[in-house]
Amino acid sequence: MSSLTYDLTLAGLSVGGAAALTGIGLIVTYRATGVLNFAHGAIAMVCAYVVRQCVVEWGWPLWLAATVTLVFLAPALGVALERFVFRPLSVLGGDPAQTLVASLGVFVLLVGGAALVWGQGARDDAPELVPADPWGQLAVVLVLAAGVGSVIRWTRFGRELRAVVDDRGLAVLGGIDADRVAAAGWAFGSFTAGLTGVLLAPYVRLDPYGLPLLVMEVVAVAVAARMRGLAVAVVVALGIGVAQSQLTRLHPSGWGEPLLQAVGANLFVVALLVAALLLPRVGTRDALPRTATARVPTPPGAWIVAAVLFLLPLGFAGSDLHTSVQVPALGVVLLSLVVVTGRGGQISLGQAAYAGLGALFTALLAAGRFPGLPRLPELAALAVAVILVAPLGLLTGWPAISRRGLALALATFAVGVGVSRFVFAQPYAVSGLSLGRPAGFDGDRAYYVLELLLLAAALLATHALRRGRTGRALAAMRDHEAGASAAGVRVPSLKLLAFVSGAALAALGGGLLGMGLRAFDPAAYDPVRGLLWFAAVVVLGADSTLGALTAAALLVGLDAGARGGVAAALIGLLAVLVGRFPGGPYEALRTATARLRTRRTPHLTPAGARARRRLHPTPRETTAPAPPRQQPAADNATRTGGAGGKTDPAGGRMPTLKARHLHAHYNGFTALDGVDLDIPPGTITAIIGPNGAGKSTLFHCLAGTHHPTSGQVLYDGQDITHRAPHTRTRLGIARTFQQLAVFPTLTVAENVRVGAEQGRVTDPAAAEQALRLLGLEGLRTHPAANLPTGTLRRVELARALAGSPRVLLLDEPAAGLDSTEVTALTRVLKALAADGTALLVVEHDLDLVAGLADVVHVMTAGRIVASGPPDRVLDTLGPQEAV
Ligand SMILES: Nc1ncnc2c1ncn2[C@@H]1O[C@H](COP(=O)(O)OP(=O)(O)OP(=O)(O)O)[C@@H](O)[C@H]1O
């Protein structure tokens, strides 16, 4: 081996070793607590600063500083985070998205805190713990990985750890002290973070933003190991480290050189992009925490106050006015998060990339350096930049179609880091670039006026997206994605729309920010800022435009007025606390004021109102009135499965939904074994069978939420086997869910309107009819959150009916209903069948089936084993088919 190859390999092993340490720490924390700790890099940075403080400022010996920091401080920090941040969240229900926001909060808090304590500048005098000897570093990594791997695999603690990760609740019931396991995981994770920070600090810039980001870039190794295999993480980390060093030897000429150099210097970022965008996902269960997107009421007069406050800077001068210029621009950027995250419910950690691209494209266009386009005046350049950046929203919009929660957070973070490293940090893209203000708006005051006008336009655009049909569909998607799809909402297109609009708004804000600063400054669009902006919008009420404007004013105002880092520290603190106060600070304030008001007037709290409703049910609350008598279709007499010739009120033939030879498998297990089924119009078809018989799988195949391995689903003679759920709804096949799928932030009427707007027939009057049919007129303006189960079942059914379906699939519609409600439901369903609708009911309640169904199919082990009228089939049920 030549000595250059050898030296480069050693250097690569050293970098890879540090990355492996991070991977080990992230995996252990994740396995102990289910949290992907976004604050890992920030903990590394804080520990590096502490060691430097002890050694350089206070003159401690290095061994003492390192021992205190790594053996005591770092684990104590981990335990404190577990005890005071993450344990309370897991006690509150362990919402994975809540923990994601909290870990981002810890990240921002530590970064802000470090900037406050140690300043924002970079230090280059961090002491060297292990002399530049990769073998020493490598030995540390391998010993740690082997030790941790053995503990997880062979010790009782390891078994407990795995049990806690698989199901915390179950592990606790089994006698495991989950808190102790989680605390140990956090302590060890923080120790590895601290070690990484202390090892890296002498060789990279030690500053509050750079080091945490550098550490988090290597999250790819943990993702590549599926947050599980420590050996895989170590091998991947070392492999990337070595490959990255070896790439520095290649020097292609021409245009490829800068690109190769960029790849060579950022191979971990490339790995992050591959891991986040191409590899199988991690943690896909979760969406945004409900508390982050709860409906936030705007206090009366708040807009007037906001308008006055935003006009105030027109009276400022000098540096105050110069600083104020950043507020409207940042406000526009944050509005983009209101659209994507607040209304659309999509986590977007890469919004800073779009803002930066907006500024960069504006600067390139205004300088005449944009390939293929002439030099443009600044305002035109800004407009064209917005148009050019908007479709780039697909970079994060596309991954969002199939990702949620943690997987989406990683994908958007990866895109943000990728754009930052491969575009903003490259001299070929940004060198010698200046950015002027539009002619006539050069002075700060004139420019501020221009910004206010564009902010007003952005506010109008945001309000337009949040109102009406699109706004309701976005909120429905945010509240319950599967429910929205079942209501007919085109979820994939809507996600793309949210991200494209968000990218356009961010580009506008970013361009304004750049013009305000009269420069394209890549640091202003750093991925860490993307995390800070996300956290700021979430804590101030993600779906609130006023919250976004408040966040912009806070971020700019606090950092200008006080020492840098105050805003980040405050936002971080609020993000850490956001899970503790459902609905965020506004909601906490509102609840507090509501409590005060309760003392003056005898209003009941929602819980009290619920209790009263249960004790004194009013007919409107618990019982749907008998539906208006509907004229049965002419051939309704033949209601036993042979009603193929039914017509709908408009005179069209009512179609039959059919399953033909359906087979479905889960990892080799046969759940459906050649099922044939007809669901004819004007008939109530019931499916019964013991647990695990395959009823739900069949239901999902018909609804489009599971694709059969073979066989066909036919509707009106058309093969719809591979059609998406929302397409089926639009064809006329509606469904309800076993676990309620309502949109809690919408009112009852809005819930039903979503169905009317997105269903087979988009008829606003259908929403009114459905509300009346289900006895919900009195609750029209009531938010769906906090309503009793029985009422919510009616809301869900009304939403399904509002799209005028021809086939209605009902998954355990009586679950959670009392006998009065079941009777009312039976009446409604019978009336619907009498009107020609085809109904399929999967139900465990045999009394309900006996009184409701026209035809009953009994399933066992993936097959239909008996069919016929209920009296005949139910009387002959054997022990095998017992439900
Ligand atoms: N996502 C899945 N992965 C693996 N196996 C599954 C999955 N979903 C269902 N199964 C298995 O397929 C079989 C059929 O399940 P299915 O839920 O369709 O039955 P079911 O009749 O609806 O039962 P239940 O009444 O309990 O809901 C069961 O053995 C179940 O364990």
# chains A, B, ... in the order shown; residues from 1 in each chain; ligands from 1
$ residues_around --residues "Thr826 in chain A" --least-positions-apart "6" --cutoff "8 Å" --atoms "only C-alpha atoms" --output "NGL selection string"
:A and (848 or 851-852)
$ residues_around --residues "Gly816 in chain A" --least-positions-apart "4" --cutoff "10 Å" --atoms "only C-alpha atoms" --output "count of residues only"
10
$ residues_near_ligand --ligand "ligand 1" --cutoff "9 Å" --atoms "only C-alpha atoms and all ligand atoms" --output "PyMOL selection string"
chain A and resi 664-672+688-700+842-844+859-862+883
$ write_last_selection --atoms "C-alpha atoms" --output "compact mmCIF listing (two decimals), in the first residue's frame"
# COMPACT_ATOMS: atom_id res chain seq x y z
CA ALA A 664 -53.66 -11.78 0.63
CA HIS A 665 -50.49 -12.63 2.53
CA TYR A 666 -48.51 -11.01 5.34
CA ASN A 667 -44.90 -12.19 5.29
CA GLY A 668 -45.91 -15.58 3.98
CA PHE A 669 -48.95 -15.89 6.28
CA THR A 670 -52.19 -16.39 4.34
CA ALA A 671 -54.83 -13.91 5.51
CA LEU A 672 -57.19 -14.32 2.52
CA ILE A 688 -68.67 -12.21 10.67
CA GLY A 689 -66.03 -14.58 11.93
CA PRO A 690 -63.59 -15.19 14.79
CA ASN A 691 -60.55 -13.00 15.46
CA GLY A 692 -57.93 -13.39 12.79
CA ALA A 693 -60.39 -14.80 10.23
CA GLY A 694 -59.39 -12.18 7.66
CA LYS A 695 -62.41 -9.87 7.86
CA SER A 696 -60.37 -6.68 8.20
CA THR A 697 -57.99 -7.74 5.46
CA LEU A 698 -60.92 -8.30 3.12
CA PHE A 699 -62.38 -4.95 4.13
CA HIS A 700 -59.04 -3.21 3.45
CA VAL A 842 -67.91 -6.11 9.33
CA GLU A 843 -69.23 -6.65 12.83
CA HIS A 844 -68.70 -8.70 15.97
CA MET A 859 -65.26 -16.21 7.46
CA THR A 860 -62.72 -18.58 8.97
CA ALA A 861 -59.01 -18.80 8.23
CA GLY A 862 -59.20 -16.49 5.24
CA VAL A 883 -67.24 -14.80 16.94
$ atom_distance --atom1 "CA of Arg205 in chain A" --atom2 "CA of Arg52 in chain A"
12.8 Å
$ atom_distance --atom1 "CA of Ala363 in chain A" --atom2 "CA of Ala535 in chain A"
28.2 Å
$ select_by_dssp --residues "range 300-520 of chain A" --states "alpha helix (DSSP H)" --output "PyMOL selection string"
chain A and resi 302-311+318-324+326-337+351-366+378-389+394-402+405-419+427-430+444-466+468-479+481-486+491-517
$ residues_around --residues "Glu128 in chain A" --least-positions-apart "2" --cutoff "8 Å" --atoms "only C-alpha atoms" --output "JSON, numbers by chain"
{"A": [126, 130, 131, 132, 198, 199, 201, 202]}
$ write_last_selection --atoms "C-alpha atoms" --output "tab-separated table (two decimals), in the first residue's frame"
chain	number	residue	atom	x	y	z
A	126	ALA	CA	-10.18	23.12	21.73
A	130	VAL	CA	-6.66	11.65	21.81
A	131	PRO	CA	-3.59	12.76	19.85
A	132	ALA	CA	-4.24	12.61	16.11
A	198	VAL	CA	-14.57	16.28	22.51
A	199	LEU	CA	-12.78	14.12	19.91
A	201	ALA	CA	-13.62	19.74	18.42
A	202	PRO	CA	-9.86	20.22	17.84
$ atom_distance --atom1 "CA of Phe422 in chain A" --atom2 "CA of Gly113 in chain A"
28.9 Å
$ residues_around --residues "Phe413 in chain A" --least-positions-apart "6" --cutoff "9 Å" --atoms "only C-alpha atoms" --output "PyMOL selection string"
chain A and resi 273+276+348-351+527+530-531
$ write_last_selection --atoms "N, CA and C atoms" --output "PDB file, in the first residue's frame"
ATOM      1  N   LEU A 273     -28.660  11.634   2.439  1.00  0.00           N
ATOM      2  CA  LEU A 273     -29.701  11.747   1.412  1.00  0.00           C
ATOM      3  C   LEU A 273     -30.157  10.356   0.972  1.00  0.00           C
ATOM      4  N   ALA A 276     -32.083   8.677   3.891  1.00  0.00           N
ATOM      5  CA  ALA A 276     -33.394   9.272   4.204  1.00  0.00           C
ATOM      6  C   ALA A 276     -34.367   9.157   3.043  1.00  0.00           C
ATOM      7  N   SER A 348     -41.543  19.702   8.087  1.00  0.00           N
ATOM      8  CA  SER A 348     -40.593  20.184   7.078  1.00  0.00           C
ATOM      9  C   SER A 348     -39.423  20.855   7.780  1.00  0.00           C
ATOM     10  N   LEU A 349     -38.305  20.157   7.841  1.00  0.00           N
ATOM     11  CA  LEU A 349     -37.123  20.716   8.488  1.00  0.00           C
ATOM     12  C   LEU A 349     -36.183  21.343   7.463  1.00  0.00           C
ATOM     13  N   GLY A 350     -36.606  21.368   6.194  1.00  0.00           N
ATOM     14  CA  GLY A 350     -35.697  21.869   5.159  1.00  0.00           C
ATOM     15  C   GLY A 350     -36.127  23.190   4.557  1.00  0.00           C
ATOM     16  N   GLN A 351     -36.991  23.924   5.268  1.00  0.00           N
ATOM     17  CA  GLN A 351     -37.553  25.133   4.668  1.00  0.00           C
ATOM     18  C   GLN A 351     -36.480  26.198   4.431  1.00  0.00           C
ATOM     19  N   PRO A 527     -28.999  25.034   7.668  1.00  0.00           N
ATOM     20  CA  PRO A 527     -30.032  24.058   8.076  1.00  0.00           C
ATOM     21  C   PRO A 527     -30.428  24.192   9.545  1.00  0.00           C
ATOM     22  N   GLY A 530     -33.229  26.277   9.780  1.00  0.00           N
ATOM     23  CA  GLY A 530     -34.451  25.570   9.394  1.00  0.00           C
ATOM     24  C   GLY A 530     -35.076  24.886  10.599  1.00  0.00           C
ATOM     25  N   LEU A 531     -34.228  24.294  11.452  1.00  0.00           N
ATOM     26  CA  LEU A 531     -34.746  23.628  12.657  1.00  0.00           C
ATOM     27  C   LEU A 531     -35.335  24.657  13.618  1.00  0.00           C
TER      28      LEU A 531
END
